[in-house]
Amino acid sequence: MTCNEIATLLELLLDDQLDPDARVQALQHMAACSSCQSHWDEMKKVRGRLEEFKVAIPVSDSLQQQVKDRLAAASTDEKKEAASAPEKERHLQIIPTLENLKSEPKQVGGLSAMVQERLYQQEALKDGTTNTSKQFSLRPRTVICEKHELIRFGLKRVISEVVEVVGEASDGMMATEMIRRLKPDFVILDVDLEVLNGVEVCRRISQELPAANILILTDSYHATKYHGQLQRSGARGFCLKSSGPRSLFEAIDQVTHSLPYCDPKITQLVKQTAAASIAPNSNLTDRETEVLIRLDLRNKEIAEELDMKLRTVEKHIECILAKLKVPTRTAAALKAVQLGLVLLPKMPGRDPITGVTHEQTVNELQAELAIANEHLKALFKQNSLLKEALDDKLRRPSEGS
Amino acid sequence: MHLNENQLNRDFENLTIGYVEQLFRLAYARVGNIQDAEDIVQETYLKAYKSFSTFRSGTRIQNWLAQILINLTRDHYRKVSRSPATVELDEDFGDGADAPAFMSPEEQLCRDEIDPQLSTALMSMSEVLVRPLLLREIYDATYEEIAEILVVPKGTVMSRLARARAALRNRLLSNPDASADDLRGLRK
């Protein structure tokens with residue numbers, strides 16, 4: 001047997017695939033041939049190293065669990081796909097969002113629970129009724145709490161496109177009980193409710209069902225007055241009754257995904273209230289507050305903006321420093337920010353009330369002027385045409401006669 | 001309906017979960033990176049679960065899984081070759097801002113234990129050769145199983161194995177370092 005043939009046998013020997021006869025042959029050859037012997041040792045060394053390498057590979061203990069979790073998530077996804085298939089068109093808007101959520105492990109947990117619950121519901125409904133496909137949906141189950149029936153009715157019609165309204169309540173107590181019983185995903189709540197007001201309802205719901213997303217839909221008075229309390233009680237969104245359906249849908253979209261939403265008008269009102277409320281505390285007059293929020297500007301600019309004399313501005317600033325008990329205007333500005341005021345940025349030539357710059361005003365006036373000119377031209381043209389027509393008429397009867 | 005699916009999920013899990021470690025070793029030996037190897041293993045299970053219906057009875061499940069894993073590893077390599085190289089971030093790194101940016105000597109030692117020379121040698125070898133070798137040495141598959149996984153005749157497996165071993169020996173010998181002292185003495 002040649003060394004080449006033995007090399008092939010050695011491979012098999014290494015893998016324990018050699019039959020006993022060949023094995024004896026190979027061993028005999030190696031005993032006689034030192035090069036084959038060293039080749040064999042080398043092979044065994046490499047094998048040993050590979051073996052060590054294999055054992056040393058650090059397998060994470062949590063890997064099995066990770067794989068199990070992935071599989072569980074995958075099976076949930078499959079169910080969800082299967083479940084949504086018959087109602088694909090209606091769920092087209094929601095499915096992409098669900099896809100996005102897949103990457104968020106926490107939300108996936110909640111989602112799988114939701115899907116599971118729905119599947120059980122569907123199963124239960126199948127036994128009782130035949131009309132199951134209509135009742136089964138992935139839209140958030142919603143309870144509306146609103147005092148006025150007509151508004152409830154209208155609201156339900158509007159939002160039924162995106163949510164599934166499962167209950168309506170007209171007073172606070174009824175709302176709390178209904179929410180406790182139905183465990184909805186989403187609650188639209190008015191503050192102005194009887195028996196229990198919205199703030200109390202909100203507090204109770206978020207204590208019992210931290211997962212429920214609460215959208216406050218109310219008027220600007222209640223929204224501003226109770227904004228802080230509601231936020232502390234777990235309200236996630238604020239929407240005004242005076243706003244249009246577009247911002248309502250935007251609010252619903254945000255809040256049903258557990259994201260905060262606040263109507264810009266409410267933000268503005270809350271800020272204004274904070275600004276107004278500082279005046280009595282610090283004894284600043286309205287005019288002084290106006291000067292205070294412009295301390296970023298030069299005195300001359302403040303005088304121009306507020307249409308007062310330079311001396312008056314200086315006097316106002318003196319009073320502000322005295323009342324706020326600060327030594328410099330910088331400190332006063334700092335104090336103003338601490339008190340919750342928003343300093344106006346440097347923008348000379350701004351109208352003090354509307355905030356419109358002179359440049360904008362000039363542009364607007366020029367545009368108006370251009371329009372007026374066009375009008376005038378048109379009128380002139382009309383006038384000349386009428387004149388011609390009149391001349392014609394005057395001329396014709398004379399020709400005719 | 002969903003009860004059956006749950007049952008399927010459980011069956012699949014029971015049948016396959018035992019091979020996690022084996023598959024991880026195989027993936028790690030090829031990609032040389034814990035994070036990527038874990039990802040590949042998870043992907044393997046997902047893919048296997050999704051196409052479980054196409055699994056033919058009579059095939060050994062571990063071979064089927066290995067086949068999927070090998071395909072995914074190849075995809076991974078394709079992806080990596082197109083994107084810039086990444087540096088593995090240590091898991092503890094995120095815990096504190098004052099964590100050291102360099103590996104401690106202990107960590108260095110731990111990392112060195114996994115034979116960097118061998119790892120580099122394996123990763124630099126051609127896929128055709130390294131696949132049967134890893135299946136044999138790391139995955140403990142028999143010739144028949146390797147033939148089944150790679151869909152090649154048994155004779156091809158044997159010859160490729162022999163060539164792979166020779167190539168590996170050459171690489172280890174031509175590029176020896178401190179950790180390969182034992183092999184140095186074997187050179188003629």
# chains A, B, ... in the order shown; residues from 1 in each chain; ligands from 1
$ interface_residues --of "chain B" --to "chain A" --cutoff "7 Å" --atoms "only C-alpha atoms" --output "ChimeraX atom specification"
/B:9,17,20-21,24-25,42,45-46,114-115,137-138,162,169,186
$ write_last_selection --atoms "N, CA and C atoms" --output "compact mmCIF listing (two decimals), in the first residue's frame"
# COMPACT_ATOMS: atom_id res chain seq x y z
N ASN B 9 -47.13 24.88 17.12
CA ASN B 9 -46.03 25.67 17.66
C ASN B 9 -45.28 24.87 18.73
N ILE B 17 -35.97 22.45 19.57
CA ILE B 17 -35.27 23.36 20.47
C ILE B 17 -33.96 22.76 20.99
N VAL B 20 -30.46 23.96 19.43
CA VAL B 20 -30.04 25.36 19.44
C VAL B 20 -28.53 25.49 19.60
N GLU B 21 -27.98 24.77 20.58
CA GLU B 21 -26.55 24.90 20.87
C GLU B 21 -25.71 24.45 19.68
N PHE B 24 -25.88 26.89 16.99
CA PHE B 24 -25.14 28.11 17.33
C PHE B 24 -23.65 27.91 17.10
N ARG B 25 -23.15 26.74 17.53
CA ARG B 25 -21.72 26.46 17.34
C ARG B 25 -21.35 26.50 15.87
N GLN B 42 -31.56 32.39 15.31
CA GLN B 42 -32.96 32.80 15.47
C GLN B 42 -33.66 32.83 14.11
N TYR B 45 -34.56 29.36 12.98
CA TYR B 45 -35.77 28.81 13.59
C TYR B 45 -37.02 29.43 13.00
N LEU B 46 -36.95 30.73 12.78
CA LEU B 46 -38.12 31.41 12.21
C LEU B 46 -38.46 30.86 10.84
N ILE B 114 -10.65 31.12 22.47
CA ILE B 114 -11.35 30.49 21.33
C ILE B 114 -10.45 30.46 20.10
N ASP B 115 -9.17 30.37 20.28
CA ASP B 115 -8.25 30.07 19.20
C ASP B 115 -8.42 30.98 17.98
N GLU B 137 -16.94 18.41 12.07
CA GLU B 137 -16.22 18.62 13.32
C GLU B 137 -17.05 19.36 14.36
N ILE B 138 -17.83 20.33 13.94
CA ILE B 138 -18.58 21.14 14.91
C ILE B 138 -19.99 20.60 15.09
N ALA B 162 -11.29 15.72 3.04
CA ALA B 162 -9.84 15.51 3.02
C ALA B 162 -9.13 16.78 2.57
N ARG B 169 -4.70 22.48 7.67
CA ARG B 169 -3.36 22.20 8.20
C ARG B 169 -2.35 23.17 7.60
N LEU B 186 6.05 19.91 14.36
CA LEU B 186 5.70 18.82 13.44
C LEU B 186 6.18 19.06 12.03
$ residues_around --residues "Arg171 (chain B)" --least-positions-apart "5" --cutoff "10 Å" --atoms "only C-alpha atoms" --output "list of chain:residue names"
B:Gln117, B:Leu118, B:Thr120, B:Ala121, B:Leu122, B:Ser124, B:Met125, B:Arg165, B:Ala166, B:Pro176
$ write_last_selection --atoms "C-alpha atoms" --output "mmCIF file, in the first residue's frame"
data_model
loop_
_atom_site.group_PDB
_atom_site.id
_atom_site.type_symbol
_atom_site.label_atom_id
_atom_site.label_comp_id
_atom_site.auth_asym_id
_atom_site.auth_seq_id
_atom_site.Cartn_x
_atom_site.Cartn_y
_atom_site.Cartn_z
ATOM 1 C CA GLN B 117 -5.734 31.596 14.594
ATOM 2 C CA LEU B 118 -7.978 28.642 13.914
ATOM 3 C CA THR B 120 -9.244 33.121 11.079
ATOM 4 C CA ALA B 121 -8.077 30.082 9.165
ATOM 5 C CA LEU B 122 -11.615 28.697 9.030
ATOM 6 C CA SER B 124 -10.511 32.438 5.174
ATOM 7 C CA MET B 125 -11.208 29.034 3.656
ATOM 8 C CA ARG B 165 -8.378 19.234 6.387
ATOM 9 C CA ALA B 166 -5.267 19.530 4.278
ATOM 10 C CA PRO B 176 1.757 29.959 13.048
#
$ atom_distance --atom1 "CA of Ala331 (chain A)" --atom2 "CA of Glu304 (chain A)"
23.0 Å
$ atom_distance --atom1 "CA of Thr256 (chain A)" --atom2 "CA of Tyr221 (chain A)"
24.7 Å
$ select_by_dssp --residues "region 113-265 of chain A" --states "helix (DSSP H, G or I)" --output "PyMOL selection string"
chain A and resi 113-128+132-135+149-159+172-182+198-208+220-225+227-232+245-256+264-265
$ residues_around --residues "Ala223 (chain A)" --least-positions-apart "2" --cutoff "12 Å" --atoms "only C-alpha atoms" --output "PyMOL selection string"
chain A and resi 189-192+198-199+215-221+225-231+235+237-242+262-270+273
$ residues_around --residues "region 64-76 of chain B" --least-positions-apart "2" --cutoff "10 Å" --atoms "only C-alpha atoms" --output "ChimeraX atom specification"
/B:16,19-20,22-24,26-28,30-31,36-37,39-45,47-48,55-56,59-62,78-81,127,131,135,139,141,145-146,148-151
